[in-house]
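The file entry-v7.pdb contains PDB, C-alpha atoms and all ligand atoms:
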```
ATOM      1  CA  MET J   1      -5.685  -0.974 -17.400
ATOM      2  CA  SER J   2      -2.184  -2.044 -16.391
ATOM      3  CA  LEU J   3      -1.367  -5.700 -15.842
ATOM      4  CA  PRO J   4      -0.038  -7.256 -12.633
ATOM      5  CA  ASN J   5       3.685  -7.950 -12.357
ATOM      6  CA  PHE J   6       3.316 -10.836  -9.905
ATOM      7  CA  VAL J   7       0.776 -13.526  -9.124
ATOM      8  CA  TYR J   8       0.240 -15.862  -6.226
ATOM      9  CA  LEU J   9      -0.597 -19.237  -7.738
ATOM     10  CA  ASP J  10      -1.230 -22.307  -5.564
ATOM     11  CA  GLY J  11       1.136 -21.201  -2.826
ATOM     12  CA  GLU J  12       3.919 -19.807  -5.032
ATOM     13  CA  ILE J  13       4.738 -16.287  -6.190
ATOM     14  CA  LYS J  14       5.409 -16.066  -9.932
ATOM     15  CA  PRO J  15       5.891 -13.350 -12.538
ATOM     16  CA  TYR J  16       2.520 -12.686 -14.193
ATOM     17  CA  ASN J  17       3.953 -13.350 -17.646
ATOM     18  CA  ASP J  18       4.969 -16.888 -16.624
ATOM     19  CA  THR J  19       1.438 -17.879 -15.616
ATOM     20  CA  ARG J  20      -0.437 -18.127 -18.890
ATOM     21  CA  ILE J  21      -3.361 -20.558 -18.799
ATOM     22  CA  GLY J  22      -4.449 -22.733 -21.713
ATOM     23  CA  LEU J  23      -7.544 -22.242 -23.842
ATOM     24  CA  MET J  24      -8.826 -25.648 -22.713
ATOM     25  CA  THR J  25      -8.861 -24.602 -19.025
ATOM     26  CA  ASN J  26     -12.128 -25.978 -17.689
ATOM     27  CA  SER J  27     -13.481 -22.897 -15.870
ATOM     28  CA  LEU J  28     -12.958 -20.657 -18.883
ATOM     29  CA  HIS J  29     -15.684 -22.614 -20.681
ATOM     30  CA  TYR J  30     -18.285 -23.037 -17.961
ATOM     31  CA  GLY J  31     -17.894 -20.089 -15.573
ATOM     32  CA  THR J  32     -17.202 -22.535 -12.733
ATOM     33  CA  ALA J  33     -14.926 -20.251 -10.744
ATOM     34  CA  ALA J  34     -15.163 -18.077  -7.634
ATOM     35  CA  PHE J  35     -13.547 -14.696  -7.204
ATOM     36  CA  GLY J  36     -13.163 -11.683  -4.970
ATOM     37  CA  GLY J  37     -12.689  -7.950  -5.387
ATOM     38  CA  ILE J  38     -10.680  -6.246  -2.657
ATOM     39  CA  ARG J  39      -9.544  -2.646  -2.366
ATOM     40  CA  GLY J  40      -6.220  -1.346  -1.107
ATOM     41  CA  TYR J  41      -5.956   2.299  -0.023
ATOM     42  CA  TRP J  42      -2.733   4.291   0.090
ATOM     43  CA  ASN J  43      -2.465   6.409   3.225
ATOM     44  CA  ALA J  44       0.111   9.067   2.323
ATOM     45  CA  ASP J  45       0.347  10.466   5.879
ATOM     46  CA  GLU J  46       1.464   7.102   7.235
ATOM     47  CA  GLN J  47       3.171   5.936   4.011
ATOM     48  CA  GLN J  48       1.167   2.746   4.379
ATOM     49  CA  LEU J  49      -1.039   0.664   2.075
ATOM     50  CA  PHE J  50      -4.148  -0.547   3.919
ATOM     51  CA  ILE J  51      -6.209  -3.446   2.580
ATOM     52  CA  PHE J  52      -9.834  -3.289   3.630
ATOM     53  CA  ARG J  53     -11.195  -6.347   5.482
ATOM     54  CA  PRO J  54      -9.076  -8.889   3.566
ATOM     55  CA  ARG J  55      -9.820 -11.823   5.903
ATOM     56  CA  ASP J  56     -13.545 -11.342   5.311
ATOM     57  CA  HIS J  57     -12.985 -11.273   1.562
ATOM     58  CA  TYR J  58     -10.827 -14.430   1.571
ATOM     59  CA  ARG J  59     -13.329 -16.162   3.812
ATOM     60  CA  ARG J  60     -16.079 -15.340   1.313
ATOM     61  CA  VAL J  61     -14.029 -16.425  -1.686
ATOM     62  CA  LEU J  62     -13.256 -19.763   0.007
ATOM     63  CA  GLN J  63     -16.930 -20.165   0.918
ATOM     64  CA  SER J  64     -17.917 -19.405  -2.676
ATOM     65  CA  ALA J  65     -15.465 -22.120  -3.783
ATOM     66  CA  THR J  66     -17.009 -24.519  -1.256
ATOM     67  CA  LEU J  67     -20.394 -23.906  -2.898
ATOM     68  CA  LEU J  68     -18.702 -25.165  -6.085
ATOM     69  CA  ARG J  69     -17.407 -28.237  -4.206
ATOM     70  CA  MET J  70     -13.796 -27.041  -4.313
ATOM     71  CA  GLU J  71     -11.760 -27.776  -1.179
ATOM     72  CA  PHE J  72      -8.393 -26.244  -0.236
ATOM     73  CA  PRO J  73      -5.866 -26.661   2.544
ATOM     74  CA  TYR J  74      -5.576 -22.836   2.774
ATOM     75  CA  SER J  75      -7.146 -20.675   5.464
ATOM     76  CA  PRO J  76      -8.183 -17.058   4.839
ATOM     77  CA  ASP J  77      -5.036 -16.037   6.762
ATOM     78  CA  ASP J  78      -2.815 -18.057   4.406
ATOM     79  CA  LEU J  79      -4.310 -16.197   1.461
ATOM     80  CA  VAL J  80      -3.897 -12.843   3.224
ATOM     81  CA  LEU J  81      -0.171 -13.616   3.552
ATOM     82  CA  GLY J  82       0.058 -14.650  -0.117
ATOM     83  CA  MET J  83      -1.625 -11.382  -1.044
ATOM     84  CA  ARG J  84       0.747  -9.413   1.169
ATOM     85  CA  GLU J  85       3.704 -10.970  -0.578
ATOM     86  CA  ILE J  86       2.612  -9.967  -4.071
ATOM     87  CA  LEU J  87       1.627  -6.483  -2.902
ATOM     88  CA  ARG J  88       5.044  -5.962  -1.337
ATOM     89  CA  LYS J  89       6.665  -7.049  -4.594
ATOM     90  CA  GLU J  90       4.405  -4.704  -6.578
ATOM     91  CA  ASN J  91       5.498  -2.022  -4.113
ATOM     92  CA  TYR J  92       2.436   0.167  -4.626
ATOM     93  CA  ARG J  93       2.413   3.732  -3.352
ATOM     94  CA  GLU J  94      -1.160   4.285  -4.575
ATOM     95  CA  ASN J  95      -4.619   2.729  -4.311
ATOM     96  CA  CYS J  96      -4.896  -0.753  -5.740
ATOM     97  CA  TYR J  97      -7.370  -3.528  -6.471
ATOM     98  CA  ILE J  98      -6.831  -7.183  -5.606
ATOM     99  CA  ARG J  99      -8.440 -10.080  -7.430
ATOM    100  CA  PRO J 100      -8.409 -13.573  -5.920
ATOM    101  CA  LEU J 101      -9.625 -16.196  -8.405
ATOM    102  CA  ILE J 102     -10.333 -19.844  -7.643
ATOM    103  CA  PHE J 103     -10.849 -21.915 -10.770
ATOM    104  CA  LEU J 104     -10.830 -25.421 -12.227
ATOM    105  CA  SER J 105      -7.387 -25.345 -13.783
ATOM    106  CA  ASP J 106      -7.355 -28.734 -15.513
ATOM    107  CA  GLU J 107      -7.198 -28.382 -19.280
ATOM    108  CA  LYS J 108     -10.056 -30.819 -19.718
ATOM    109  CA  LEU J 109     -13.543 -30.253 -21.019
ATOM    110  CA  GLY J 110     -16.529 -31.618 -19.082
ATOM    111  CA  VAL J 111     -19.489 -29.886 -17.452
ATOM    112  CA  LYS J 112     -18.905 -30.927 -13.863
ATOM    113  CA  LEU J 113     -17.354 -29.820 -10.613
ATOM    114  CA  HIS J 114     -15.819 -33.064  -9.389
ATOM    115  CA  GLY J 115     -12.651 -34.850 -10.407
ATOM    116  CA  LEU J 116     -10.887 -31.711 -11.648
ATOM    117  CA  LYS J 117      -7.923 -29.822 -10.179
ATOM    118  CA  ALA J 118      -8.777 -26.465  -8.612
ATOM    119  CA  SER J 119      -6.268 -23.613  -8.319
ATOM    120  CA  VAL J 120      -6.056 -20.411  -6.312
ATOM    121  CA  ALA J 121      -4.632 -17.288  -7.920
ATOM    122  CA  ILE J 122      -4.282 -13.799  -6.455
ATOM    123  CA  MET J 123      -3.270 -10.797  -8.527
ATOM    124  CA  SER J 124      -3.474  -7.026  -8.205
ATOM    125  CA  ILE J 125      -3.482  -3.867 -10.281
ATOM    126  CA  PRO J 126      -3.207  -0.169  -9.468
ATOM    127  CA  TRP J 127      -6.717   1.258  -9.025
ATOM    128  CA  GLY J 128      -5.976   4.321 -11.226
ATOM    129  CA  GLU J 129      -8.516   7.038 -11.828
ATOM    130  CA  TYR J 130     -12.120   6.022 -11.301
ATOM    131  CA  LEU J 131     -14.165   7.903 -13.855
ATOM    132  CA  SER J 132     -17.722   6.729 -13.167
ATOM    133  CA  ASN J 133     -20.229   8.988 -11.512
ATOM    134  CA  VAL J 134     -20.813   7.689  -7.978
ATOM    135  CA  THR J 135     -22.294  10.650  -6.125
ATOM    136  CA  ASP J 136     -25.171  11.607  -8.431
ATOM    137  CA  MET J 137     -26.258   8.316  -9.947
ATOM    138  CA  HIS J 138     -29.239   7.787 -12.213
ATOM    139  CA  LEU J 139     -30.438   4.169 -12.005
ATOM    140  CA  THR J 140     -33.091   2.188 -13.809
ATOM    141  CA  PHE J 141     -34.879  -1.043 -12.967
ATOM    142  CA  SER J 142     -33.392  -3.719 -15.167
ATOM    143  CA  SER J 143     -35.659  -5.787 -17.403
ATOM    144  CA  TRP J 144     -33.497  -8.767 -16.403
ATOM    145  CA  ARG J 145     -34.147 -10.697 -13.198
ATOM    146  CA  ARG J 146     -31.441 -11.463 -10.632
ATOM    147  CA  ILE J 147     -30.211 -15.077 -10.707
ATOM    148  CA  ASP J 148     -32.054 -17.211  -8.202
ATOM    149  CA  ASP J 149     -30.153 -19.079  -5.495
ATOM    150  CA  ASN J 150     -31.621 -22.357  -6.761
ATOM    151  CA  MET J 151     -30.047 -21.741 -10.183
ATOM    152  CA  ILE J 152     -26.577 -20.419  -9.327
ATOM    153  CA  PRO J 153     -25.553 -19.773  -5.688
ATOM    154  CA  ALA J 154     -26.462 -16.093  -5.385
ATOM    155  CA  ARG J 155     -24.765 -15.350  -2.042
ATOM    156  CA  GLY J 156     -21.348 -16.363  -3.360
ATOM    157  CA  LYS J 157     -19.160 -14.578  -5.853
ATOM    158  CA  ILE J 158     -19.405 -17.136  -8.651
ATOM    159  CA  ALA J 159     -17.882 -16.221 -12.023
ATOM    160  CA  GLY J 160     -20.753 -17.590 -14.165
ATOM    161  CA  ALA J 161     -23.292 -15.515 -12.231
ATOM    162  CA  TYR J 162     -21.653 -12.382 -13.620
ATOM    163  CA  VAL J 163     -23.215 -13.023 -17.041
ATOM    164  CA  ASN J 164     -26.363 -11.813 -15.258
ATOM    165  CA  SER J 165     -24.577  -8.750 -13.820
ATOM    166  CA  ALA J 166     -22.975  -7.908 -17.166
ATOM    167  CA  LEU J 167     -26.336  -8.010 -18.982
ATOM    168  CA  ILE J 168     -27.903  -5.800 -16.300
ATOM    169  CA  LYS J 169     -25.081  -3.253 -16.302
ATOM    170  CA  THR J 170     -24.569  -3.088 -20.073
ATOM    171  CA  ASP J 171     -28.236  -2.614 -20.924
ATOM    172  CA  ALA J 172     -28.489   0.138 -18.305
ATOM    173  CA  VAL J 173     -25.414   1.985 -19.541
ATOM    174  CA  LEU J 174     -26.392   1.672 -23.225
ATOM    175  CA  ALA J 175     -29.810   3.109 -22.312
ATOM    176  CA  GLY J 176     -28.080   6.152 -20.753
ATOM    177  CA  PHE J 177     -28.261   5.236 -17.056
ATOM    178  CA  ASP J 178     -25.324   4.882 -14.678
ATOM    179  CA  ASP J 179     -26.374   1.432 -13.486
ATOM    180  CA  ALA J 180     -29.448  -0.636 -12.629
ATOM    181  CA  LEU J 181     -31.337  -2.207  -9.772
ATOM    182  CA  VAL J 182     -32.562  -5.726 -10.357
ATOM    183  CA  LEU J 183     -35.658  -7.510  -9.093
ATOM    184  CA  ALA J 184     -35.820 -11.129  -7.987
ATOM    185  CA  GLU J 185     -38.220 -13.520  -9.774
ATOM    186  CA  ASP J 186     -40.903 -12.746  -7.154
ATOM    187  CA  GLY J 187     -40.825  -9.057  -8.146
ATOM    188  CA  HIS J 188     -39.146  -7.758  -4.991
ATOM    189  CA  LEU J 189     -35.871  -5.886  -5.055
ATOM    190  CA  SER J 190     -32.700  -7.925  -4.966
ATOM    191  CA  GLU J 191     -29.739  -5.533  -5.402
ATOM    192  CA  GLY J 192     -27.760  -3.624  -8.050
ATOM    193  CA  SER J 193     -25.723  -5.069 -10.927
ATOM    194  CA  ALA J 194     -22.709  -5.402  -8.616
ATOM    195  CA  MET J 195     -23.671  -3.531  -5.460
ATOM    196  CA  ASN J 196     -26.006  -3.874  -2.505
ATOM    197  CA  PHE J 197     -28.930  -1.517  -1.907
ATOM    198  CA  PHE J 198     -29.985   0.813   0.911
ATOM    199  CA  MET J 199     -32.766   3.375   1.238
ATOM    200  CA  VAL J 200     -33.692   5.833   3.964
ATOM    201  CA  ARG J 201     -37.394   6.289   4.541
ATOM    202  CA  ASP J 202     -38.850   8.273   7.442
ATOM    203  CA  GLY J 203     -35.639   8.033   9.472
ATOM    204  CA  VAL J 204     -35.251   4.268   9.085
ATOM    205  CA  VAL J 205     -32.583   2.683   6.911
ATOM    206  CA  VAL J 206     -33.792  -0.335   4.972
ATOM    207  CA  THR J 207     -31.795  -2.916   3.024
ATOM    208  CA  THR J 208     -32.737  -6.213   1.410
ATOM    209  CA  GLU J 209     -32.305  -9.321   3.520
ATOM    210  CA  ILE J 210     -29.660 -11.879   2.587
ATOM    211  CA  THR J 211     -32.338 -14.337   1.448
ATOM    212  CA  GLN J 212     -33.294 -12.113  -1.508
ATOM    213  CA  ASN J 213     -30.641 -13.582  -3.861
ATOM    214  CA  ILE J 214     -28.082 -10.923  -3.011
ATOM    215  CA  LEU J 215     -24.333 -11.295  -2.825
ATOM    216  CA  GLU J 216     -23.548 -11.098   0.895
ATOM    217  CA  GLY J 217     -21.584  -7.876   0.596
ATOM    218  CA  ILE J 218     -18.744  -6.998   2.927
ATOM    219  CA  THR J 219     -19.380  -3.287   2.377
ATOM    220  CA  ARG J 220     -23.054  -3.924   3.219
ATOM    221  CA  ARG J 221     -21.999  -5.424   6.556
ATOM    222  CA  THR J 222     -19.632  -2.494   7.137
ATOM    223  CA  VAL J 223     -22.350   0.042   6.324
ATOM    224  CA  ILE J 224     -24.900  -1.582   8.649
ATOM    225  CA  GLN J 225     -22.403  -1.393  11.532
ATOM    226  CA  LEU J 226     -21.395   2.226  10.769
ATOM    227  CA  LEU J 227     -25.016   3.373  10.497
ATOM    228  CA  LYS J 228     -25.879   1.816  13.837
ATOM    229  CA  GLU J 229     -22.730   2.820  15.729
ATOM    230  CA  GLN J 230     -21.941   6.232  14.241
ATOM    231  CA  PHE J 231     -25.341   7.545  13.164
ATOM    232  CA  GLY J 232     -27.540   5.814  15.759
ATOM    233  CA  LEU J 233     -29.941   4.906  12.951
ATOM    234  CA  PRO J 234     -32.122   1.799  12.976
ATOM    235  CA  VAL J 235     -31.286  -0.526  10.071
ATOM    236  CA  VAL J 236     -33.968  -2.964   8.992
ATOM    237  CA  GLU J 237     -33.256  -5.929   6.718
ATOM    238  CA  ARG J 238     -36.459  -6.849   4.916
ATOM    239  CA  THR J 239     -38.237  -7.420   1.612
ATOM    240  CA  ILE J 240     -38.456  -4.223  -0.445
ATOM    241  CA  ASP J 241     -41.131  -3.330  -3.018
ATOM    242  CA  ARG J 242     -40.297  -1.410  -6.172
ATOM    243  CA  THR J 243     -42.650   1.501  -5.460
ATOM    244  CA  GLU J 244     -41.318   2.018  -1.921
ATOM    245  CA  ILE J 245     -38.057   3.005  -3.557
ATOM    246  CA  PHE J 246     -39.789   5.810  -5.482
ATOM    247  CA  LEU J 247     -40.974   7.244  -2.154
ATOM    248  CA  ALA J 248     -37.634   6.936  -0.354
ATOM    249  CA  ASP J 249     -35.939  10.050   1.029
ATOM    250  CA  GLU J 250     -32.504   8.703   0.088
ATOM    251  CA  VAL J 251     -31.122   5.784  -1.877
ATOM    252  CA  PHE J 252     -27.536   4.587  -1.893
ATOM    253  CA  THR J 253     -25.622   1.550  -3.044
ATOM    254  CA  CYS J 254     -22.481  -0.023  -1.681
ATOM    255  CA  GLY J 255     -19.689  -2.294  -2.835
ATOM    256  CA  SER J 256     -15.935  -2.622  -2.537
ATOM    257  CA  GLY J 257     -15.283  -1.021  -5.933
ATOM    258  CA  THR J 258     -17.036   2.312  -5.514
ATOM    259  CA  GLY J 259     -17.692   2.385  -1.773
ATOM    260  CA  ILE J 260     -20.926   4.302  -1.182
ATOM    261  CA  GLY J 261     -22.763   5.261  -4.397
ATOM    262  CA  ILE J 262     -25.324   8.022  -4.017
ATOM    263  CA  VAL J 263     -28.454   7.672  -6.154
ATOM    264  CA  THR J 264     -30.333  10.868  -7.023
ATOM    265  CA  ARG J 265     -32.693   9.611  -9.770
ATOM    266  CA  ILE J 266     -34.369   6.322 -10.626
ATOM    267  CA  ASP J 267     -36.100   5.936 -13.998
ATOM    268  CA  HIS J 268     -36.239   9.734 -14.377
ATOM    269  CA  ARG J 269     -37.897  10.200 -10.980
ATOM    270  CA  LYS J 270     -36.105  12.244  -8.333
ATOM    271  CA  VAL J 271     -35.015  10.395  -5.213
ATOM    272  CA  GLY J 272     -36.106  12.670  -2.334
ATOM    273  CA  THR J 273     -35.064  16.205  -3.306
ATOM    274  CA  GLY J 274     -33.038  14.951  -6.260
ATOM    275  CA  LYS J 275     -29.822  15.978  -4.480
ATOM    276  CA  PRO J 276     -27.435  13.744  -2.485
ATOM    277  CA  GLY J 277     -29.028  13.218   0.947
ATOM    278  CA  ASN J 278     -27.457  13.817   4.352
ATOM    279  CA  VAL J 279     -27.169  10.221   5.497
ATOM    280  CA  ALA J 280     -25.620   8.992   2.242
ATOM    281  CA  SER J 281     -23.229  11.956   1.968
ATOM    282  CA  GLN J 282     -22.020  11.698   5.559
ATOM    283  CA  LEU J 283     -21.729   7.935   5.321
ATOM    284  CA  ARG J 284     -19.680   8.238   2.140
ATOM    285  CA  GLU J 285     -17.267  10.638   3.827
ATOM    286  CA  LEU J 286     -16.951   8.448   6.913
ATOM    287  CA  TYR J 287     -16.419   5.313   4.813
ATOM    288  CA  GLU J 288     -13.628   6.993   2.799
ATOM    289  CA  ASN J 289     -11.828   7.766   6.073
ATOM    290  CA  VAL J 290     -12.457   4.343   7.595
ATOM    291  CA  VAL J 291     -10.980   2.432   4.639
ATOM    292  CA  CYS J 292      -7.750   4.468   4.747
ATOM    293  CA  GLY J 293      -7.213   3.631   8.413
ATOM    294  CA  LYS J 294      -8.058   7.164   9.555
ATOM    295  CA  VAL J 295     -10.738   6.205  12.096
ATOM    296  CA  ALA J 296      -9.161   4.631  15.193
ATOM    297  CA  GLN J 297     -12.291   2.676  16.174
ATOM    298  CA  TYR J 298     -12.291   0.742  12.896
ATOM    299  CA  ARG J 299      -8.569   0.444  12.396
ATOM    300  CA  ASP J 300      -8.796  -3.366  12.792
ATOM    301  CA  TRP J 301     -10.564  -3.550   9.433
ATOM    302  CA  CYS J 302      -7.477  -2.110   7.718
ATOM    303  CA  TYR J 303      -4.613  -4.514   7.086
ATOM    304  CA  PRO J 304      -1.189  -2.842   6.700
ATOM    305  CA  VAL J 305       0.907  -4.256   3.836
ATOM    306  CA  TYR J 306       4.276  -2.736   4.717
ATOM    307  CA  GLU J 307       6.290  -3.181   7.915
TER     308      GLU J 307
HETATM  309  N1  LIG K 401     -23.482  -7.579  -5.249
HETATM  310  C1  LIG K 401     -22.776  -8.012  -6.302
HETATM  311  C2  LIG K 401     -23.451  -8.823  -7.356
HETATM  312  C3  LIG K 401     -21.396  -7.695  -6.386
HETATM  313  O1  LIG K 401     -20.684  -8.125  -7.431
HETATM  314  C4  LIG K 401     -20.794  -6.916  -5.380
HETATM  315  C5  LIG K 401     -19.341  -6.540  -5.478
HETATM  316  N2  LIG K 401     -18.503  -7.533  -4.944
HETATM  317  C6  LIG K 401     -21.577  -6.517  -4.277
HETATM  318  C7  LIG K 401     -22.916  -6.857  -4.257
HETATM  319  C8  LIG K 401     -20.962  -5.781  -3.130
HETATM  320  O2  LIG K 401     -20.164  -6.676  -2.393
HETATM  321  P1  LIG K 401     -18.875  -6.197  -1.563
HETATM  322  O3  LIG K 401     -19.344  -5.123  -0.674
HETATM  323  O4  LIG K 401     -18.456  -7.408  -0.804
HETATM  324  O5  LIG K 401     -17.869  -5.730  -2.544
END
```
Is it possible to express this structure as structure tokens?
Amino acid sequence: MSLPNFVYLDGEIKPYNDTRIGLMTNSLHYGTAAFGGIRGYWNADEQQLFIFRPRDHYRRVLQSATLLRMEFPYSPDDLVLGMREILRKENYRENCYIRPLIFLSDEKLGVKLHGLKASVAIMSIPWGEYLSNVTDMHLTFSSWRRIDDNMIPARGKIAGAYVNSALIKTDAVLAGFDDALVLAEDGHLSEGSAMNFFMVRDGVVVTTEITQNILEGITRRTVIQLLKEQFGLPVVERTIDRTEIFLADEVFTCGSGTGIGIVTRIDHRKVGTGKPGNVASQLRELYENVVCGKVAQYRDWCYPVYE
């Protein structure tokens, strides 16, 4: 993975190599940080780099920081402009990935959120080749449970919460699966290791509600709107049982990293026919066009980096 050349740090643009942080940095020890994961898509026809829904991502990252009692004078738009500046300096002509990170930057130990300086960093890397299988995924149900909102804020993108995601993902991959779904403490479905969940059953699309300890995904919101507006399909947000998923006609996941992930097997059971379903396949194709700015109706979601 290549490293960034430039970073936005607390309102200034700096070379990445001049922004080393110390080993005593508070958040490094306690996971008390908030972050985002944003995709940039190179549109070769227009010679333009489009960032997908950046204001929504910066709004969520600032909200996640608020959950950790961190306050900033920046608006989402300020951070979008900071991001634009580093992306222009990186001068990408390819897909990229952007990582905002809000952390307690004081080099002071202490398990607390108050009385410590918080910093905002934004950095980016080229996206490169994505090697994972995302159109024929075999998932398992994790033996871990999803963090509960009364333990670590589940709807925000909080660094420490990703210990949970890393355990879920690693155990699944080491057991030979592509990824895993995770149940909440009450035994109902929450989401995937780092993606939201959808299933199609008898012509209705179902996804978990935002009170089921899920990260409030921006792709999830995008998908709900596309399914309603472009496919005319009803989308229901409700509690989902494990065994309903085994009877689903289609299952797919969504997240900024991989877009729409099509699931064809779960714990060695076929999902529907065992082949990618129509809704998921068509949605994946549409989404890939939307994010590159190729669908006029949703062009507002795509933020152009270059003039
Ligand atoms: N859930 C978790 C735990 C995630 O890490 C992600 C990826 N950010 C998602 C869901 C999907 O969220 P988004 O669509 O905003 O990327």
Spatial sel., origin (-26.3, 10.9, 2.9), limit 12 Å, only C-alpha atoms, listed as a PDB file with C-alpha atoms, keeping the file's coordinate frame:
```pdb
ATOM      1  CA  THR J 135     -22.294  10.650  -6.125  1.00  0.00           C
ATOM      2  CA  ASP J 136     -25.171  11.607  -8.431  1.00  0.00           C
ATOM      3  CA  PHE J 198     -29.985   0.813   0.911  1.00  0.00           C
ATOM      4  CA  MET J 199     -32.766   3.375   1.238  1.00  0.00           C
ATOM      5  CA  VAL J 200     -33.692   5.833   3.964  1.00  0.00           C
ATOM      6  CA  GLY J 203     -35.639   8.033   9.472  1.00  0.00           C
ATOM      7  CA  VAL J 205     -32.583   2.683   6.911  1.00  0.00           C
ATOM      8  CA  LEU J 227     -25.016   3.373  10.497  1.00  0.00           C
ATOM      9  CA  PHE J 231     -25.341   7.545  13.164  1.00  0.00           C
ATOM     10  CA  ASP J 249     -35.939  10.050   1.029  1.00  0.00           C
ATOM     11  CA  GLU J 250     -32.504   8.703   0.088  1.00  0.00           C
ATOM     12  CA  VAL J 251     -31.122   5.784  -1.877  1.00  0.00           C
ATOM     13  CA  PHE J 252     -27.536   4.587  -1.893  1.00  0.00           C
ATOM     14  CA  THR J 253     -25.622   1.550  -3.044  1.00  0.00           C
ATOM     15  CA  ILE J 260     -20.926   4.302  -1.182  1.00  0.00           C
ATOM     16  CA  GLY J 261     -22.763   5.261  -4.397  1.00  0.00           C
ATOM     17  CA  ILE J 262     -25.324   8.022  -4.017  1.00  0.00           C
ATOM     18  CA  VAL J 263     -28.454   7.672  -6.154  1.00  0.00           C
ATOM     19  CA  THR J 264     -30.333  10.868  -7.023  1.00  0.00           C
ATOM     20  CA  VAL J 271     -35.015  10.395  -5.213  1.00  0.00           C
ATOM     21  CA  GLY J 272     -36.106  12.670  -2.334  1.00  0.00           C
ATOM     22  CA  THR J 273     -35.064  16.205  -3.306  1.00  0.00           C
ATOM     23  CA  LYS J 275     -29.822  15.978  -4.480  1.00  0.00           C
ATOM     24  CA  PRO J 276     -27.435  13.744  -2.485  1.00  0.00           C
ATOM     25  CA  GLY J 277     -29.028  13.218   0.947  1.00  0.00           C
ATOM     26  CA  ASN J 278     -27.457  13.817   4.352  1.00  0.00           C
ATOM     27  CA  VAL J 279     -27.169  10.221   5.497  1.00  0.00           C
ATOM     28  CA  ALA J 280     -25.620   8.992   2.242  1.00  0.00           C
ATOM     29  CA  SER J 281     -23.229  11.956   1.968  1.00  0.00           C
ATOM     30  CA  GLN J 282     -22.020  11.698   5.559  1.00  0.00           C
ATOM     31  CA  LEU J 283     -21.729   7.935   5.321  1.00  0.00           C
ATOM     32  CA  ARG J 284     -19.680   8.238   2.140  1.00  0.00           C
ATOM     33  CA  GLU J 285     -17.267  10.638   3.827  1.00  0.00           C
ATOM     34  CA  LEU J 286     -16.951   8.448   6.913  1.00  0.00           C
ATOM     35  CA  TYR J 287     -16.419   5.313   4.813  1.00  0.00           C
TER      36      TYR J 287
END
```
The PyMOL selection byres (((not hetatm)) within 10 of (chain K and resi 401)) - which residues does that actually catch in the file I just gave you? List them as a compact mmCIF listing (two decimals) with C-alpha atoms, in the coordinates of the input.
```txt
# COMPACT_ATOMS: atom_id res chain seq x y z
CA PHE J 35 -13.55 -14.70 -7.20
CA GLY J 36 -13.16 -11.68 -4.97
CA GLY J 37 -12.69 -7.95 -5.39
CA ILE J 38 -10.68 -6.25 -2.66
CA ARG J 39 -9.54 -2.65 -2.37
CA ARG J 53 -11.20 -6.35 5.48
CA ASP J 56 -13.54 -11.34 5.31
CA HIS J 57 -12.98 -11.27 1.56
CA ARG J 60 -16.08 -15.34 1.31
CA ARG J 146 -31.44 -11.46 -10.63
CA ILE J 147 -30.21 -15.08 -10.71
CA ALA J 154 -26.46 -16.09 -5.38
CA ARG J 155 -24.76 -15.35 -2.04
CA GLY J 156 -21.35 -16.36 -3.36
CA LYS J 157 -19.16 -14.58 -5.85
CA ILE J 158 -19.40 -17.14 -8.65
CA ALA J 159 -17.88 -16.22 -12.02
CA ALA J 161 -23.29 -15.52 -12.23
CA TYR J 162 -21.65 -12.38 -13.62
CA ASN J 164 -26.36 -11.81 -15.26
CA SER J 165 -24.58 -8.75 -13.82
CA ALA J 166 -22.98 -7.91 -17.17
CA SER J 190 -32.70 -7.92 -4.97
CA GLU J 191 -29.74 -5.53 -5.40
CA GLY J 192 -27.76 -3.62 -8.05
CA SER J 193 -25.72 -5.07 -10.93
CA ALA J 194 -22.71 -5.40 -8.62
CA MET J 195 -23.67 -3.53 -5.46
CA ASN J 196 -26.01 -3.87 -2.50
CA PHE J 197 -28.93 -1.52 -1.91
CA ASN J 213 -30.64 -13.58 -3.86
CA ILE J 214 -28.08 -10.92 -3.01
CA LEU J 215 -24.33 -11.30 -2.82
CA GLU J 216 -23.55 -11.10 0.90
CA GLY J 217 -21.58 -7.88 0.60
CA ILE J 218 -18.74 -7.00 2.93
CA THR J 219 -19.38 -3.29 2.38
CA ARG J 220 -23.05 -3.92 3.22
CA ARG J 221 -22.00 -5.42 6.56
CA THR J 222 -19.63 -2.49 7.14
CA VAL J 223 -22.35 0.04 6.32
CA THR J 253 -25.62 1.55 -3.04
CA CYS J 254 -22.48 -0.02 -1.68
CA GLY J 255 -19.69 -2.29 -2.84
CA SER J 256 -15.94 -2.62 -2.54
CA GLY J 257 -15.28 -1.02 -5.93
CA THR J 258 -17.04 2.31 -5.51
CA GLY J 259 -17.69 2.38 -1.77
CA ILE J 260 -20.93 4.30 -1.18
```
**Request:** Identify which of the residues J:Leu233, J:Met1, J:Lys270, J:Leu109 lies closest to Glu129 (chain J), counting only C-alpha atoms when measuring atom-to-atom distances.
**Result:**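 Between J:Leu233, J:Met1, J:Lys270, J:Leu109, the residue approaching Glu129 (chain J) most closely is J:Met1.
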**Item:** Among listed residues J:Gly187, J:Pro4, J:Pro153, J:Pro304, nearest Gly40 (chain J) (using all atoms listed in the file)
**Value:**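 So, comparing all the options, the nearest one is J:Pro304.
Among the candidate residues J:Arg201, J:His138, J:Arg242, J:His29, the one lying nearest to Val182 (chain J) is J:Arg242, with distances computed using all atoms listed in the file.
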**Request:** Could you give me, as a list in words, the residues within 7 Å of region 64-76 of chain J, counting all atoms listed in the file and dropping anything in the same chain fewer than 5 positions from it?
**Result:** Ala34, Arg55, Tyr58, Arg59, Ile102, Leu113, Ala118, Gly156, Lys157 and Ile158 of chain J
